[in-house]
Structures are given as C-alpha cells and as structure tokens.
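Colleague: Coordinates in input-v6.txt, compact mmCIF, C-alpha atoms, are listed below.
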```
# COMPACT_ATOMS: atom_id res chain seq x y z
CA MET A 1 -10.23 19.12 -10.57
CA ARG A 2 -7.71 19.96 -13.25
CA LEU A 3 -4.52 18.24 -14.45
CA SER A 4 -1.85 20.40 -15.97
CA LEU A 5 1.80 20.72 -16.92
CA PRO A 6 3.04 24.08 -15.59
CA LYS A 7 5.49 25.67 -18.03
CA ASN A 8 9.22 25.56 -17.32
CA THR A 9 8.88 23.16 -14.41
CA SER A 10 9.80 19.53 -13.83
CA HIS A 11 6.43 18.59 -12.35
CA TRP A 12 2.83 18.00 -13.29
CA ARG A 13 -0.03 19.32 -11.23
CA LEU A 14 -3.24 17.98 -9.77
CA GLY A 15 -5.04 21.26 -9.20
CA GLU A 16 -8.43 22.54 -8.05
CA MET A 17 -9.00 19.35 -6.07
CA GLN A 18 -11.83 19.07 -3.57
CA GLU A 19 -12.11 16.75 -0.58
CA ILE A 20 -13.64 13.92 -2.61
CA HIS A 21 -10.67 13.89 -4.97
CA LEU A 22 -8.28 13.66 -2.02
CA ASP A 23 -10.33 10.82 -0.55
CA PHE A 24 -10.18 8.93 -3.82
CA LEU A 25 -6.44 9.44 -4.23
CA ARG A 26 -5.77 8.29 -0.67
CA LEU A 27 -7.83 5.16 -1.32
CA ALA A 28 -5.71 4.20 -4.34
CA ALA A 29 -3.12 2.45 -2.15
CA ASP A 30 -5.84 0.42 -0.40
CA ASP A 31 -7.44 -0.39 -3.73
CA ALA A 32 -4.03 -1.61 -4.97
CA SER A 33 -3.75 -4.00 -2.00
CA MET A 34 -4.01 -7.73 -2.67
CA SER A 35 -4.93 -8.59 0.92
CA ASP A 36 -8.58 -9.31 0.16
CA CYS A 37 -8.20 -10.30 -3.47
CA PRO A 38 -7.27 -13.96 -3.95
CA GLY A 39 -6.91 -13.63 -7.73
CA GLY A 40 -4.73 -10.55 -7.47
CA ARG A 41 -1.37 -12.31 -7.45
CA GLU A 42 -2.26 -14.34 -10.50
CA ARG A 43 -3.18 -11.19 -12.40
CA LEU A 44 -0.27 -8.97 -11.35
CA PHE A 45 2.29 -11.77 -11.54
CA PRO A 46 1.14 -14.03 -14.36
CA GLN A 47 3.01 -17.11 -15.52
CA PRO A 48 5.04 -16.61 -18.70
CA LEU A 49 4.28 -20.06 -20.12
CA ALA A 50 0.81 -21.48 -20.64
CA GLY A 51 -0.75 -24.36 -22.53
CA LYS A 52 1.56 -26.79 -24.30
CA GLU A 53 4.61 -24.59 -23.64
CA GLU A 54 4.02 -24.96 -19.90
CA LEU A 55 3.86 -28.75 -20.25
CA LEU A 56 7.14 -28.76 -22.19
CA ASP A 57 8.99 -26.69 -19.61
CA GLU A 58 7.23 -26.87 -16.24
CA GLU A 59 10.30 -25.76 -14.32
CA PHE A 60 10.44 -22.44 -16.10
CA ASN A 61 7.30 -21.10 -14.44
CA VAL A 62 8.64 -22.23 -11.06
CA ASP A 63 11.94 -20.44 -11.66
CA TRP A 64 10.08 -17.36 -12.85
CA LYS A 65 8.03 -17.31 -9.67
CA GLU A 66 11.18 -17.53 -7.57
CA LEU A 67 13.30 -15.04 -9.48
CA ILE A 68 11.14 -12.58 -11.40
CA THR A 69 7.99 -12.33 -9.28
CA PRO A 70 9.81 -10.93 -6.21
CA GLU A 71 11.40 -8.26 -8.43
CA LEU A 72 8.00 -7.23 -9.75
CA GLU A 73 6.53 -7.25 -6.25
CA MET A 74 9.25 -4.87 -5.10
CA GLN A 75 8.74 -2.67 -8.15
CA PHE A 76 4.97 -2.42 -7.73
CA ALA A 77 5.16 -1.85 -3.97
CA GLY A 78 7.78 0.83 -4.58
CA ASP A 79 5.42 2.57 -7.01
CA VAL A 80 2.67 2.67 -4.38
CA GLY A 81 5.20 4.03 -1.88
CA VAL A 82 6.09 6.89 -4.25
CA VAL A 83 2.43 7.89 -4.55
CA LEU A 84 1.82 7.71 -0.80
CA SER A 85 4.88 9.86 -0.21
CA ASP A 86 3.77 12.40 -2.83
CA LEU A 87 0.33 12.64 -1.27
CA ASP A 88 1.95 14.00 1.91
CA SER A 89 2.68 17.19 -0.05
CA ILE A 90 -0.92 18.14 -0.81
CA GLN A 91 -1.37 21.87 -0.22
CA PRO A 92 -4.59 23.76 0.48
CA VAL A 93 -5.23 26.59 -1.97
CA LYS A 94 -7.06 29.80 -1.18
CA LYS A 95 -9.65 30.60 -3.80
CA THR A 96 -11.40 33.93 -3.88
CA GLY A 97 -15.18 34.15 -4.30
CA ASP A 98 -16.34 30.91 -2.74
CA ALA A 99 -15.16 30.61 0.85
CA GLU A 100 -17.29 27.51 1.50
CA VAL A 101 -15.41 25.26 -0.90
CA LYS A 102 -11.88 24.20 -0.02
CA PHE A 103 -9.47 23.48 -2.82
CA TYR A 104 -6.17 21.63 -2.83
CA ARG A 105 -3.18 21.25 -5.10
CA LEU A 106 -0.43 18.70 -5.52
CA ASP A 107 2.70 19.07 -7.64
CA VAL A 108 4.31 15.77 -8.64
CA GLN A 109 7.72 15.27 -10.24
CA ARG A 110 7.45 14.19 -13.85
CA ALA A 111 9.82 11.34 -13.03
CA HIS A 112 7.10 9.95 -10.74
CA GLY A 113 4.59 9.69 -13.58
CA GLN A 114 5.23 5.99 -14.21
CA ALA A 115 4.87 5.18 -10.49
CA TRP A 116 1.54 7.03 -10.40
CA PHE A 117 0.35 5.23 -13.51
CA SER A 118 1.42 1.88 -12.07
CA THR A 119 -0.31 2.49 -8.74
CA LEU A 120 -3.57 3.57 -10.33
CA ASN A 121 -3.35 0.63 -12.71
CA GLN A 122 -2.79 -1.82 -9.85
CA ALA A 123 -5.80 -0.25 -8.11
CA ARG A 124 -8.02 -0.64 -11.20
CA LEU A 125 -6.84 -4.19 -11.93
CA LEU A 126 -7.64 -5.27 -8.39
CA LEU A 127 -10.92 -3.34 -8.14
CA ASP A 128 -11.97 -5.10 -11.32
CA LEU A 129 -11.25 -8.48 -9.72
CA LYS A 130 -12.61 -7.70 -6.24
CA TYR A 131 -15.89 -6.25 -7.49
CA GLU A 132 -16.21 -8.15 -10.78
CA LEU A 133 -16.61 -4.92 -12.70
CA HIS A 134 -16.38 -6.73 -16.03
CA ASP A 135 -18.38 -9.81 -16.88
CA PRO A 136 -15.92 -12.69 -17.44
CA LYS A 137 -18.44 -14.33 -19.76
CA ASP A 138 -18.05 -11.48 -22.26
CA ALA A 139 -15.96 -12.09 -25.33
CA PRO A 140 -12.55 -10.42 -25.02
CA GLN A 141 -13.50 -7.61 -27.35
CA GLU A 142 -16.84 -6.97 -25.69
CA PHE A 143 -16.00 -5.98 -22.15
CA THR A 144 -18.47 -3.55 -20.64
CA VAL A 145 -18.54 -2.21 -17.11
CA GLN A 146 -21.40 -3.84 -15.24
CA GLU A 147 -23.07 -0.75 -13.86
CA GLN A 148 -26.42 -2.34 -13.30
CA ALA A 149 -25.34 -3.56 -9.89
CA GLY A 150 -24.64 0.01 -8.71
CA GLY A 151 -27.09 2.67 -7.68
CA GLU A 152 -28.88 3.26 -4.40
CA ASP A 153 -29.01 -0.40 -3.46
CA ASP A 154 -25.24 -0.71 -3.46
CA PRO A 155 -23.56 2.62 -2.67
CA GLU A 156 -20.19 0.94 -2.07
CA ARG A 157 -20.15 -0.46 -5.58
CA LEU A 158 -21.11 2.93 -6.97
CA LEU A 159 -18.16 4.52 -5.16
CA VAL A 160 -15.90 1.79 -6.51
CA LEU A 161 -17.06 2.55 -10.05
CA MET A 162 -16.45 6.26 -9.46
CA ARG A 163 -12.90 5.58 -8.27
CA TYR A 164 -12.28 3.18 -11.15
CA GLU A 165 -13.25 5.86 -13.68
CA PHE A 166 -11.43 8.63 -11.75
CA TYR A 167 -8.16 6.66 -11.77
CA ALA A 168 -8.62 5.89 -15.48
CA TRP A 169 -9.09 9.58 -16.25
CA ILE A 170 -5.79 10.46 -14.55
CA GLN A 171 -4.05 7.53 -16.28
CA GLU A 172 -5.28 8.59 -19.71
CA TRP A 173 -3.91 12.08 -19.10
CA LEU A 174 -0.58 10.70 -17.86
CA VAL A 175 -0.12 8.56 -20.97
CA ARG A 176 -0.73 11.52 -23.25
CA ASN A 177 1.20 14.15 -21.32
CA VAL A 178 3.75 12.74 -18.89
CA LEU A 179 4.93 9.20 -19.68
CA MET B 1 38.08 -52.25 -24.88
CA PRO B 2 35.82 -49.63 -23.35
CA THR B 3 32.67 -48.62 -25.18
CA ILE B 4 32.65 -45.03 -26.29
CA THR B 5 29.31 -43.28 -26.36
CA ALA B 6 28.55 -39.90 -27.77
CA PRO B 7 28.25 -37.24 -25.07
CA GLU B 8 24.82 -35.75 -24.41
CA THR B 9 24.51 -32.27 -25.74
CA GLY B 10 22.29 -31.10 -22.90
CA VAL B 11 20.13 -29.20 -25.34
CA ARG B 12 16.46 -30.12 -25.26
CA THR B 13 14.86 -29.99 -28.64
CA ASP B 14 11.72 -28.36 -27.26
CA VAL B 15 13.53 -25.33 -25.87
CA ALA B 16 16.50 -25.35 -28.23
CA LEU B 17 18.04 -21.95 -28.71
CA GLY B 18 17.47 -22.01 -32.46
CA THR B 19 13.70 -22.35 -32.14
CA PRO B 20 11.96 -18.99 -32.52
CA TRP B 21 9.56 -17.91 -29.79
CA ASN B 22 6.59 -15.58 -29.94
CA VAL B 23 5.83 -12.92 -27.37
CA VAL B 24 2.05 -12.84 -27.09
CA VAL B 25 0.11 -9.97 -25.51
CA HIS B 26 -3.37 -10.88 -24.28
CA ASN B 27 -6.36 -8.61 -23.98
CA ASP B 28 -7.64 -7.56 -20.57
CA PRO B 29 -10.56 -5.32 -19.74
CA VAL B 30 -8.63 -2.86 -17.59
CA ASN B 31 -5.51 -1.66 -19.37
CA LEU B 32 -6.15 1.46 -21.44
CA MET B 33 -5.74 1.12 -25.19
CA SER B 34 -3.52 4.19 -25.29
CA TYR B 35 -1.30 2.63 -22.62
CA VAL B 36 -0.95 -0.69 -24.46
CA ALA B 37 0.19 1.16 -27.58
CA PHE B 38 2.56 3.29 -25.47
CA VAL B 39 4.14 0.20 -23.88
CA LEU B 40 4.62 -1.51 -27.26
CA LYS B 41 6.41 1.58 -28.54
CA LYS B 42 8.53 1.87 -25.41
CA ILE B 43 9.61 -1.76 -25.14
CA PHE B 44 9.95 -2.77 -28.79
CA GLY B 45 10.63 0.62 -30.34
CA TYR B 46 7.76 0.28 -32.79
CA PRO B 47 6.59 3.36 -34.68
CA ASP B 48 3.17 4.77 -33.75
CA GLN B 49 1.32 3.07 -36.60
CA GLU B 50 2.66 -0.43 -35.86
CA ALA B 51 2.07 -0.11 -32.12
CA GLU B 52 -1.49 1.04 -32.82
CA ARG B 53 -2.07 -1.90 -35.21
CA LEU B 54 -0.84 -4.46 -32.67
CA MET B 55 -2.84 -2.84 -29.86
CA LEU B 56 -6.02 -2.99 -31.95
CA GLN B 57 -5.31 -6.64 -32.76
CA VAL B 58 -5.05 -7.38 -29.04
CA HIS B 59 -8.28 -5.49 -28.42
CA ARG B 60 -10.28 -7.03 -31.27
CA GLU B 61 -8.91 -10.55 -31.44
CA GLY B 62 -8.00 -11.06 -27.78
CA ARG B 63 -4.28 -11.51 -28.42
CA SER B 64 -1.46 -10.52 -30.70
CA ILE B 65 2.02 -11.84 -31.43
CA VAL B 66 4.03 -8.68 -30.88
CA TRP B 67 7.53 -10.07 -31.38
CA THR B 68 9.22 -13.28 -32.57
CA GLY B 69 12.83 -14.30 -32.03
CA ALA B 70 15.35 -15.91 -29.72
CA ARG B 71 14.03 -17.39 -26.47
CA GLU B 72 16.27 -15.34 -24.21
CA ARG B 73 15.17 -12.02 -25.66
CA ALA B 74 11.56 -13.17 -25.67
CA GLU B 75 11.83 -13.89 -21.93
CA HIS B 76 13.26 -10.43 -21.40
CA PHE B 77 10.37 -8.83 -23.28
CA VAL B 78 7.75 -10.80 -21.34
CA ARG B 79 9.34 -9.68 -18.09
CA GLU B 80 9.19 -6.07 -19.30
CA LEU B 81 5.55 -6.42 -20.34
CA HIS B 82 4.66 -7.92 -16.93
CA GLY B 83 6.51 -5.00 -15.35
CA HIS B 84 4.05 -2.75 -17.15
CA GLN B 85 1.15 -4.92 -15.94
CA LEU B 86 0.21 -6.27 -19.35
CA MET B 87 -0.78 -9.92 -19.78
CA ALA B 88 1.93 -11.58 -21.85
CA THR B 89 3.15 -15.11 -22.49
CA LEU B 90 5.86 -16.93 -24.40
CA GLN B 91 4.81 -19.28 -27.16
CA GLN B 92 6.88 -21.47 -29.43
CA ALA B 93 6.58 -20.23 -33.02
CA ASP B 94 5.05 -22.65 -35.52
```
Please go through the file and, once you have read it, give me the structure as structure tokens.

Modeller:
Amino acid sequence: MRLSLPKNTSHWRLGEMQEIHLDFLRLAADDASMSDCPGGRERLFPQPLAGKEELLDEEFNVDWKELITPELEMQFAGDVGVVLSDLDSIQPVKKTGDAEVKFYRLDVQRAHGQAWFSTLNQARLLLDLKYELHDPKDAPQEFTVQEQAGGEDDPERLLVLMRYEFYAWIQEWLVRNVL
Amino acid sequence: MPTITAPETGVRTDVALGTPWNVVVHNDPVNLMSYVAFVLKKIFGYPDQEAERLMLQVHREGRSIVWTGARERAEHFVRELHGHQLMATLQQAD
C-alpha cells in the first residue's frame, strides 16, 4: 500500500491497496464505536474541570456535558460518516504482471483529511481501551504496547494490534502531508 | 427608616473573571507526538519550536500548561483541544 499526493489535484491517494487494507479500513468505523466500550465516553468527552477546580464549580462540568458534549458527539460521528462515504469510492486497479493479486485505489479530498484523522484516532483511542493495549500501571512517559498477549494464542488481539499500527501509520502521514 | 444593604455583586471569588486560568494538556498513550505538536500550533498559533517544547513536556512530564489567561478564552481552548481528541483541563493559576 502506498499513500501519495498526486500533483495538481485536490486529493490524496491510498494506492496499491490489497484486500487486507480494505478490510482494515472498513473496520475503522466499528473500531471507533463506543457500543462495547464503557470507558469510551469518558475518554472522548472528558470533563474540563478536575480536582479542586471541580469542587469549586461542580455545575460547570454538568453544563459542559449538556452543551459541549453533544456538539463533539455530532462532530466525531460526522467524521466517521465522511470516511464511510469515501470508502464507497474505492476502485479496483488493473496491474500488469501479477494477475493473482488484486489492487485497489481510493482518492480522498484533501478537505477530508481531518475527518480521516479523527476517525482513525477515535478507533485507536477506543481499541486501546477495549483491549488494554497500554498498561495503565506504566508511568505516563513509559507507555509501551503490550504485545506479549498477542501471537497464536490470541489471533484477535494480534489483528487489533495490526489495525492499531496501520491506522497510526496513515495518521502520521496525514499529519505530515495533508493536515 | 429602612435598612440599606449593599447589593450582592454576583461574582464568586473562586471563578472571578480576573483570576487567570491555565489550560493543561495531559499525556495519553495514543495520540501521536507529531499530532499533539500540530494541534498546539493550530489552536494557539505557536511557532514550531514552542509547540515541540510543550509537546515534549506533555510526553515526558505527563502534562503541560499550554496557555494561561482569562477563563472564557481558556474554556474555548479546552473545547478546541477536546475537539481534537486531546486530554485537556482547566486549572486555576497559582
């Protein structure tokens, strides 16, 4: 798979994709779902006041939850919707030389870059919570992905780790080239 | 003769407008370092070097005060940071 910015266009391209890349991209919306992630709301919609500030102004967090949180919910859901809509435009690409391997391409408007980043970020934030990819006991500056639980004994977790890293790779490229 | 009492100002000393507030960004294991720096540049208009310094402070120390000023603007910045999925809180400045 290759990410690129075609010259003189208003889009960026996900090129030379194979079936596994499409599968991963289509799973991003599911991964970004909070339906089976109790801690998801707390992470995506955190309270603005904590500690002694919260005690001094308890009503503020309540107001925030009523006024700001719904706006953010709409914004984040809209971002996922943009990605799902873009994924409908995936095109198969004919490649000479290797007829056995199918390749695909997707051109995405540059203006959708932030929505893609947001969706992949939501997916990674929630995967991290659902599968406890980082040990909460670690000091803040010492987070390491807990890969020891992956491998043959837990193929689902291995696939989760692969998606987590795949999304991060696209995000890193988006920050440097599109956003 | 009626007793005249001073009217209440309605301003609570703990959230008085004159008190400066900090916008604090907290570390999390998921957000990319490059993205945190990008968001700090975008929202606060910091130059590359300052955004990088604050991002590294978040990463190494777990948190960083990225802006200090009036409460209303601080609330706006926290809302923007949450909109970019960063962990951020408001904190009264010392």

Colleague: At a cut-off of 12 Å from (-0.3, 10.9, -22.6) in the coordinates of the file, what residues are picked up using only C-alpha atoms, written as a VMD selection string?

Modeller: (chain A and resid 3 to 5 113 to 114 117 169 to 179) or (chain B and resid 32 to 39)

Colleague: Show me, as a list of chain:residue names, the residues of chain A whose atoms get within 8 Å of chain B, using only C-alpha atoms for the distance check.

Modeller: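 Residues of chain A within 8 Å of chain B, counting only C-alpha atoms: A:Arg43, A:Leu44, A:Phe45, A:Pro46, A:Gln47, A:Pro48, A:Leu49, A:Ala50, A:Glu53, A:Leu56, A:Asp57, A:Ile68, A:Leu72, A:Gln75, A:Ser118, A:Asn121, A:Gln122, A:Arg124, A:Leu125, A:Asp128, A:His134, A:Pro140, A:Gln141, A:Phe143, A:Ala168, A:Glu172, A:Val175.
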
Colleague: Convert the current residue selection to file output with C-alpha atoms, as a PDB file, in the coordinates of the input.

Modeller:
```
ATOM      1  CA  ARG A  43      -3.180 -11.190 -12.400  1.00  0.00           C
ATOM      2  CA  LEU A  44      -0.270  -8.970 -11.350  1.00  0.00           C
ATOM      3  CA  PHE A  45       2.290 -11.770 -11.540  1.00  0.00           C
ATOM      4  CA  PRO A  46       1.140 -14.030 -14.360  1.00  0.00           C
ATOM      5  CA  GLN A  47       3.010 -17.110 -15.520  1.00  0.00           C
ATOM      6  CA  PRO A  48       5.040 -16.610 -18.700  1.00  0.00           C
ATOM      7  CA  LEU A  49       4.280 -20.060 -20.120  1.00  0.00           C
ATOM      8  CA  ALA A  50       0.810 -21.480 -20.640  1.00  0.00           C
ATOM      9  CA  GLU A  53       4.610 -24.590 -23.640  1.00  0.00           C
ATOM     10  CA  LEU A  56       7.140 -28.760 -22.190  1.00  0.00           C
ATOM     11  CA  ASP A  57       8.990 -26.690 -19.610  1.00  0.00           C
ATOM     12  CA  ILE A  68      11.140 -12.580 -11.400  1.00  0.00           C
ATOM     13  CA  LEU A  72       8.000  -7.230  -9.750  1.00  0.00           C
ATOM     14  CA  GLN A  75       8.740  -2.670  -8.150  1.00  0.00           C
ATOM     15  CA  SER A 118       1.420   1.880 -12.070  1.00  0.00           C
ATOM     16  CA  ASN A 121      -3.350   0.630 -12.710  1.00  0.00           C
ATOM     17  CA  GLN A 122      -2.790  -1.820  -9.850  1.00  0.00           C
ATOM     18  CA  ARG A 124      -8.020  -0.640 -11.200  1.00  0.00           C
ATOM     19  CA  LEU A 125      -6.840  -4.190 -11.930  1.00  0.00           C
ATOM     20  CA  ASP A 128     -11.970  -5.100 -11.320  1.00  0.00           C
ATOM     21  CA  HIS A 134     -16.380  -6.730 -16.030  1.00  0.00           C
ATOM     22  CA  PRO A 140     -12.550 -10.420 -25.020  1.00  0.00           C
ATOM     23  CA  GLN A 141     -13.500  -7.610 -27.350  1.00  0.00           C
ATOM     24  CA  PHE A 143     -16.000  -5.980 -22.150  1.00  0.00           C
ATOM     25  CA  ALA A 168      -8.620   5.890 -15.480  1.00  0.00           C
ATOM     26  CA  GLU A 172      -5.280   8.590 -19.710  1.00  0.00           C
ATOM     27  CA  VAL A 175      -0.120   8.560 -20.970  1.00  0.00           C
TER      28      VAL A 175
END
```

Colleague: I'd like to know which of A:Cys37, A:Ala32, A:Ala111, A:Val101 is closest to Gln18 of chain A, using all atoms listed in the file.

Modeller: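 Of A:Cys37, A:Ala32, A:Ala111, A:Val101, the one nearest Gln18 of chain A, counting all atoms listed in the file, is A:Val101.
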
Colleague: At a cut-off of 10 Å, using only C-alpha atoms, what residues contact Gly18 of chain B? Leave out same-chain residues fewer than 6 positions from it and give the result as a list in words.

Modeller: Gly69, Ala70 and Arg71 of chain B

Colleague: Work out how far apart atom CA of Glu16 of chain A and atom CA of Gly78 of chain A are and give it in Å to one decimal.

Modeller: 27.3 Å

Colleague: Counting only C-alpha atoms, what is within 10 Å of Val83 of chain A, bar same-chain residues fewer than 6 positions away, as a PyMOL selection string?

Modeller: chain A and resi 25-26+28-29+108+112-113+115-120

Colleague: Pick the closest to Phe103 of chain A from A:Asp135, A:Ser35, A:Leu22, A:Met17: which is it, counting all atoms listed in the file?

Modeller: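 Smallest distance to Phe103 of chain A is found for A:Met17.
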
Colleague: May I ask which of the residues B:Lys41, B:Thr68, B:Leu81, B:Gln49 is the closest one to Thr19 of chain B, counting only C-alpha atoms?

Modeller: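 The closest residue to Thr19 of chain B is B:Thr68.
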
Colleague: As an exercise, work out the distance from atom CA of Gln91 of chain A to atom CA of Leu106 of chain A in Å and give it to one decimal place.

Modeller: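 The value is 6.2 Å.
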
Colleague: Give, as AutoDock Vina command-line options, the centre coordinates and the x, y and z edge lengths in Å to one decimal for an axis-aligned box around all listed atoms of segment 34-53 of chain A, padded by 6 Å on each side.

Modeller:
```
--center_x -1.8 --center_y -17.3 --center_z -11.7 --size_x 25.6 --size_y 31.1 --size_z 37.2
```

Colleague: Can you measure atom CA of Lys52 of chain A to atom CA of Trp67 of chain B for me? One decimal in Å is fine.

Modeller: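 Between atom CA of Lys52 of chain A and atom CA of Trp67 of chain B the gap works out to 19.1 Å.
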
Colleague: Using all atoms listed in the file, which residue out of A:Asp36, A:Glu59, A:Glu19, A:Asp31 lies closest to Arg163 of chain A?

Modeller: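 For Arg163 of chain A, the nearest of the candidates is A:Asp31.
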